[in-house]
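Colleague: my_file20.pdb is reproduced in full below (PDB, C-alpha atoms).
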```
ATOM      1  CA  MET H   1       1.021  11.507  -2.752
ATOM      2  CA  ILE H   2       4.611  11.434  -3.923
ATOM      3  CA  LEU H   3       5.216   9.048  -1.022
ATOM      4  CA  GLY H   4       3.619   6.362  -3.168
ATOM      5  CA  PHE H   5       6.371   6.663  -5.742
ATOM      6  CA  LEU H   6       9.303   7.395  -3.485
ATOM      7  CA  ILE H   7       8.717   5.181  -0.455
ATOM      8  CA  PHE H   8       5.820   2.769  -0.742
ATOM      9  CA  GLY H   9       6.265   1.813  -4.407
ATOM     10  CA  PRO H  10       9.715   0.246  -3.912
ATOM     11  CA  PHE H  11       8.535  -1.352  -0.674
ATOM     12  CA  ALA H  12       5.599  -2.903  -2.552
ATOM     13  CA  VAL H  13       7.989  -4.271  -5.202
ATOM     14  CA  SER H  14      10.252  -5.759  -2.532
ATOM     15  CA  ILE H  15       7.293  -7.207  -0.598
ATOM     16  CA  GLY H  16       6.067  -8.733  -3.847
ATOM     17  CA  SER H  17       9.424 -10.312  -4.595
ATOM     18  CA  PHE H  18       9.611 -11.609  -1.018
ATOM     19  CA  ILE H  19       6.146 -13.180  -1.334
ATOM     20  CA  GLY H  20       6.894 -14.455  -4.830
ATOM     21  CA  VAL H  21       4.803 -12.110  -6.976
ATOM     22  CA  LYS H  22       6.482 -10.227  -9.787
ATOM     23  CA  LEU H  23       5.075  -6.684  -9.899
ATOM     24  CA  LYS H  24       5.968  -3.916 -12.290
ATOM     25  CA  TYR H  25       7.000  -0.691 -10.608
ATOM     26  CA  SER H  26       4.025   1.207 -12.044
ATOM     27  CA  ARG H  27       1.603  -1.436 -10.736
ATOM     28  CA  ALA H  28       3.313  -1.383  -7.339
ATOM     29  CA  CYS H  29       2.910   2.393  -7.151
ATOM     30  CA  THR H  30      -0.759   2.081  -8.078
ATOM     31  CA  LEU H  31      -1.193  -0.536  -5.374
ATOM     32  CA  SER H  32       0.567   1.689  -2.850
ATOM     33  CA  PHE H  33      -1.761   4.580  -3.718
ATOM     34  CA  TYR H  34      -4.743   2.356  -2.995
ATOM     35  CA  ALA H  35      -3.090   1.182   0.221
ATOM     36  CA  MET H  36      -2.611   4.784   1.360
ATOM     37  CA  SER H  37      -6.346   5.473   1.177
ATOM     38  CA  LEU H  38      -7.157   3.778   4.499
ATOM     39  CA  PRO H  39      -4.491   5.617   6.539
ATOM     40  CA  LEU H  40      -5.447   8.902   4.864
ATOM     41  CA  LEU H  41      -9.045   8.380   5.940
ATOM     42  CA  LEU H  42      -7.887   7.546   9.449
ATOM     43  CA  GLU H  43      -5.725  10.679   9.505
ATOM     44  CA  ALA H  44      -8.668  12.814   8.420
ATOM     45  CA  LEU H  45     -10.875  11.341  11.136
ATOM     46  CA  ILE H  46      -8.204  11.946  13.766
ATOM     47  CA  HIS H  47      -7.778  15.523  12.569
ATOM     48  CA  VAL H  48     -11.545  16.160  12.649
ATOM     49  CA  ALA H  49     -11.731  14.701  16.157
ATOM     50  CA  GLY H  50      -9.050  17.165  17.269
ATOM     51  CA  ILE H  51      -6.595  14.506  18.394
ATOM     52  CA  ILE H  52      -2.955  15.451  17.951
ATOM     53  CA  MET H  53      -0.603  12.567  17.120
ATOM     54  CA  PRO H  54       2.896  13.775  16.219
ATOM     55  CA  GLU H  55       4.106  10.251  15.351
ATOM     56  CA  PHE H  56       1.238   9.504  12.970
ATOM     57  CA  PHE H  57       3.585   9.105   9.997
ATOM     58  CA  LEU H  58       4.912   5.916  11.573
ATOM     59  CA  ILE H  59       1.396   4.565  12.047
ATOM     60  CA  PHE H  60       0.545   5.693   8.497
ATOM     61  CA  SER H  61       3.534   3.800   7.098
ATOM     62  CA  ILE H  62       2.830   0.622   9.047
ATOM     63  CA  ILE H  63      -0.823   0.514   7.997
ATOM     64  CA  THR H  64       0.098   1.175   4.360
ATOM     65  CA  LEU H  65       2.749  -1.557   4.276
ATOM     66  CA  ILE H  66       0.446  -4.085   5.963
ATOM     67  CA  TYR H  67      -2.311  -3.223   3.494
ATOM     68  CA  CYS H  68       0.138  -3.592   0.570
ATOM     69  CA  SER H  69       1.371  -6.959   1.796
ATOM     70  CA  LEU H  70      -2.180  -8.263   2.266
ATOM     71  CA  ALA H  71      -3.142  -7.066  -1.214
ATOM     72  CA  ILE H  72      -0.081  -8.683  -2.794
ATOM     73  CA  ARG H  73      -0.779 -11.922  -0.935
ATOM     74  CA  GLU H  74      -4.342 -11.845  -2.289
ATOM     75  CA  ILE H  75      -2.983 -11.264  -5.797
ATOM     76  CA  LYS H  76      -0.789 -14.325  -5.383
ATOM     77  CA  ASN H  77      -3.668 -16.471  -4.135
ATOM     78  CA  SER H  78      -6.180 -15.401  -6.779
ATOM     79  CA  ASP H  79      -6.585 -16.993 -10.173
ATOM     80  CA  LYS H  80      -4.157 -15.224 -12.485
ATOM     81  CA  SER H  81      -6.258 -15.853 -15.594
ATOM     82  CA  GLU H  82      -9.029 -13.645 -14.198
ATOM     83  CA  LEU H  83      -6.697 -11.025 -12.783
ATOM     84  CA  ASN H  84      -6.203  -8.016 -15.007
ATOM     85  CA  PHE H  85      -3.835  -6.354 -12.514
ATOM     86  CA  MET H  86      -0.819  -8.540 -13.323
ATOM     87  CA  LYS H  87      -0.920  -8.079 -17.108
TER      88      LYS H  87
END
```
Kindly present the structure from the file in structure tokens form.
Modeller:
Amino acid sequence: MILGFLIFGPFAVSIGSFIGVKLKYSRACTLSFYAMSLPLLLEALIHVAGIIMPEFFLIFSIITLIYCSLAIREIKNSDKSELNFMK
């Protein structure tokens, strides 16, 4: 889970600045933790199925970054007065 702080947190901040959303680092790390939940579930299902994928970290990273960018885009498009995440 340290990947959220070391890798995906700064990527979420840079994706947010690229899209035009100003995120605090702590909020970006929280968002990256939520974004890692889908690839972690996928990894567990692949492990239970007995499929061996040595390059899964690349797939994990791509899914997490896509999920982060979609979440940040949704934050930008939502009404900021109702959004408690940006405060």
Colleague: What gap, in Å, lies between CA of Tyr25 in chain H and CA of Leu70 in chain H?
Modeller: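 Calculated distance between CA of Tyr25 in chain H and CA of Leu70 in chain H is 17.5 Å.
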Colleague: Mind telling me what the PyMOL selection byres ((chain H and resi 72) around 10) catches here, as number ranges by chain?
Modeller: H: 12-13, 15-17, 19-23, 28, 31, 66-71, 73-78
Colleague: In Å, with one decimal, what is the gap from CA of Leu58 in chain H to CA of Leu6 in chain H?
Modeller: 15.8 Å
Colleague: Expressed in Å to a single decimal, how great is the separation between CA of Phe11 in chain H and CA of Ile52 in chain H?
Modeller: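 Going from CA of Phe11 in chain H over to CA of Ile52 in chain H covers 27.6 Å.
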Colleague: Skipping near chain neighbours, those fewer than 4 positions away, what residues fall within 9 Å of Phe5 in chain H using all atoms listed in the file, listed as a VMD selection string?
Modeller: chain H and resid 1 9 to 10 25 to 26 28 to 30 32 to 33
Colleague: Give me the residues within 12 Å of Met53 in chain H as a ChimeraX atom specification, counting all atoms listed in the file and dropping any in the same chain fewer than 5 places off.
Modeller: /H:42-47,58-60
Colleague: Please determine, counting all atoms listed in the file, which residue among H:Arg27, H:Ile2, H:Pro39, H:Phe18 has the shortest atom-to-atom distance to Phe57 in chain H.
Modeller: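 When distances to Phe57 in chain H are compared using all atoms listed in the file, the smallest one comes from H:Pro39.
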Colleague: Could you tell me which of H:Ser37, H:Val48, H:Lys24, H:Phe8 comes closest to Ser61 in chain H if we count only C-alpha atoms?
Modeller: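 Using only C-alpha atoms, the shortest distance to Ser61 in chain H belongs to H:Phe8.
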